[in-house]
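Student: Structure in C-alpha cells, see below.
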Amino acid sequence: MRVPIILINFKAYETSYGRKAVQLAKMIEKVSIDTSTEIIIAVPSTMITRISEQVSIPVYAQHVDGLPEGPHTGAITPELIKDAGARGSLLNHSERRVRLDEMDDALRRMKKLGLESVICVDRYELVVPIGMLKPTAVLIEPPELIGSGVSVSKARPEVITNAVQEIRKVDNVYLIAGAGITLGEDVYVAIKLGSDGVGVASAVMKAKDPQKVVEDFVRNAQRALDER
Ligand SMILES: O=C(CO)COP(=O)(O)O
C-alpha cells in the first residue's frame with residue numbers, strides 16, 4: 001500500500017459490474033499510471049477475476065468470510081478471493097459487518113496468503129482495538145454519512161483527528177477516512193487532518209464523468225500530502 005491511499009469501493013451499483021465496471025477500472029488504472037498514484041479498487045466478488053485480468057492496479061474484494069475451506073455454500077473465503085486475483089479485501093464494512101472472531105480468523109488466513117486487509121470501523125474508539133489485530137489499514141467511516149454526499153471531512157472532522165491520534169498508538173497500520181466524500185476539497189481536508197488516504201464510493205460510481213472526479217481526488221490527495 002502506498003500513501004496517499006485512494007480506495008474506491010465499487011459496492012453494487014449499476015456501474016459496478018459487467019462492461020461498465022471493466023471500463024471504469026481501466027479508466028482508474030490510467031489515472032493511477034498518469035499521476036503515479038496508487039488507486040485501489042474494491043469490486044464485487046463476481047468481478048474480481050475479470051477486472052484483475054485487465055488492470056494492473058490493486059483489486060480488492062469487498063468482503064471475505066472467516067470460514068475454513070470446506071462445506072460452506074456461498075462462502076467467499078480468503079483462498080477463493082486470492083485465487084480469483086484479489087490483492088486484498090475490505091472487512092467489516094458497515095454494510096457488511098462481521099463478528100470479531102470471524103474477522104480475526106479471516107485476517108489470520110489473509111496474512112498467511114499474503115493478502116492486504118482494510119478493516120472498517122464506525123468510530124474512533126475502535127481504531128486501537130482493531131488496529132492491534134494488525135490489518136494493513138483501518139478505514140473509519142461514520143455510517144450515517146455513507147452515501148449521503150455530506151463528507152466526514154466537513155461534518156465530523158473530529159472523527160478523523162481522533163482516529164489519527166489513535167492509530168499512532170499502533171505500529172505500521174495505515175488510517176483511511178471515508179463517508180460522504182464528494183469533492184476534491186473533502187479529500188484534501190481528510191489528508192491534511194492526518195489520514196493516510198480516503199475511501200470513496202458513490203461520488204465515483206454515480207458520477208456523470210467519473211474520470212474527472214478521480215483525477216480531482218488524486219490531485220487534492222497529492223496536494224494535501226505535499227503540504228503536510
Ligand atoms: O462506504 C464507503 C467506502 O467504503 C463510502 O461510501 P460513499 O463514498 O458513498 O459515502
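Residues are named by chain letter and number: chains run A, B, ... in the order of the C-alpha cells, numbers start at 1 in each chain, and ligands are numbered from 1 in the order shown.
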Pick out the residues no farther than 6 Å from ligand 1, counting only C-alpha atoms and all ligand atoms, and list them as a list in words.

Tutor: Asn9, Ile146, Gly147, Ser148, Gly178, Ala179, Gly180, Ile181, Gly199, Val200, Ala201, Ser202 and Ala203 of chain A

Student: Run DSSP on the backbone of this structure and report the residues of segment 114-191 of chain A it assigns to helix (DSSP H, G or I), as a PDB file with C-alpha atoms, in the first residue's frame.

Tutor:
ATOM      1  CA  TYR A 124     -12.549   6.178  16.620  1.00  0.00           C
ATOM      2  CA  GLU A 125     -12.734   4.203  19.880  1.00  0.00           C
ATOM      3  CA  LEU A 126     -12.348   1.045  17.784  1.00  0.00           C
ATOM      4  CA  VAL A 127      -9.220   2.188  15.954  1.00  0.00           C
ATOM      5  CA  VAL A 128      -6.767   0.843  18.557  1.00  0.00           C
ATOM      6  CA  PRO A 129      -8.527  -2.484  19.358  1.00  0.00           C
ATOM      7  CA  ILE A 130      -8.953  -3.252  15.645  1.00  0.00           C
ATOM      8  CA  GLY A 131      -5.536  -1.818  14.785  1.00  0.00           C
ATOM      9  CA  PRO A 143     -22.231   5.101   8.910  1.00  0.00           C
ATOM     10  CA  GLU A 144     -24.780   7.929   8.880  1.00  0.00           C
ATOM     11  CA  LEU A 145     -22.634   9.853   6.370  1.00  0.00           C
ATOM     12  CA  VAL A 152     -16.806  13.211   7.140  1.00  0.00           C
ATOM     13  CA  SER A 153     -14.142  15.890   6.499  1.00  0.00           C
ATOM     14  CA  LYS A 154     -16.742  18.635   6.692  1.00  0.00           C
ATOM     15  CA  ALA A 155     -19.423  17.235   9.005  1.00  0.00           C
ATOM     16  CA  PRO A 157     -13.625  16.322  11.173  1.00  0.00           C
ATOM     17  CA  GLU A 158     -13.032  15.365  14.830  1.00  0.00           C
ATOM     18  CA  VAL A 159     -13.658  11.728  13.857  1.00  0.00           C
ATOM     19  CA  ILE A 160     -10.596  11.933  11.606  1.00  0.00           C
ATOM     20  CA  THR A 161      -8.371  13.827  14.055  1.00  0.00           C
ATOM     21  CA  ASN A 162      -9.254  11.462  16.911  1.00  0.00           C
ATOM     22  CA  ALA A 163      -8.701   8.400  14.710  1.00  0.00           C
ATOM     23  CA  VAL A 164      -5.326   9.770  13.567  1.00  0.00           C
ATOM     24  CA  GLN A 165      -4.240  10.172  17.208  1.00  0.00           C
ATOM     25  CA  GLU A 166      -5.390   6.637  17.989  1.00  0.00           C
ATOM     26  CA  ILE A 167      -3.660   4.945  15.051  1.00  0.00           C
ATOM     27  CA  GLY A 184     -11.660  17.264  -4.089  1.00  0.00           C
ATOM     28  CA  GLU A 185     -11.706  19.577  -1.078  1.00  0.00           C
ATOM     29  CA  ASP A 186     -13.099  16.730   1.086  1.00  0.00           C
ATOM     30  CA  VAL A 187     -10.118  14.572   0.103  1.00  0.00           C
ATOM     31  CA  TYR A 188      -7.715  17.433   0.745  1.00  0.00           C
ATOM     32  CA  VAL A 189      -9.090  18.089   4.253  1.00  0.00           C
ATOM     33  CA  ALA A 190      -9.145  14.383   5.235  1.00  0.00           C
ATOM     34  CA  ILE A 191      -5.452  14.029   4.405  1.00  0.00           C
TER      35      ILE A 191
END

Student: Among the residues of segment 120-171 of chain A, find those DSSP assigns to strand (DSSP E or B) from the backbone and print them as a VMD selection string.

Tutor: chain A and resid 120 to 121 137 to 140

Student: At a cut-off of 9 Å, can you tabulate as CSV every residue of segment 125-177 of chain A near segment 106-117 of chain A together with its closest atom pair and the distance in Å to one decimal, using only C-alpha atoms and ordering rows by chain then number?

Tutor:
residue,atom,partner,partner_atom,distance
A:Leu133,CA,A:Leu107,CA,8.0
A:Lys134,CA,A:Leu107,CA,8.6
A:Pro135,CA,A:Ser117,CA,5.3
A:Thr136,CA,A:Ser117,CA,5.1
A:Ala137,CA,A:Ser117,CA,6.5
A:Val138,CA,A:Ser117,CA,8.5

Student: So that I can check the surroundings of segment 56-65 of chain A, please list as a ChimeraX atom specification every protein, DNA and RNA residue that reaches within 8 Å of it, counting only C-alpha atoms and ignoring chain neighbours fewer than 6 positions away.

Tutor: /A:9,11,29,32,38-45,48,75-78,81,85-93,96,102-103,106

Student: Please measure the separation of atom CA of Thr35 of chain A and atom CA of Ala177 of chain A, giving the value in Å to one decimal.

Tutor: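 We find that atom CA of Thr35 of chain A and atom CA of Ala177 of chain A lie 21.2 Å from each other.
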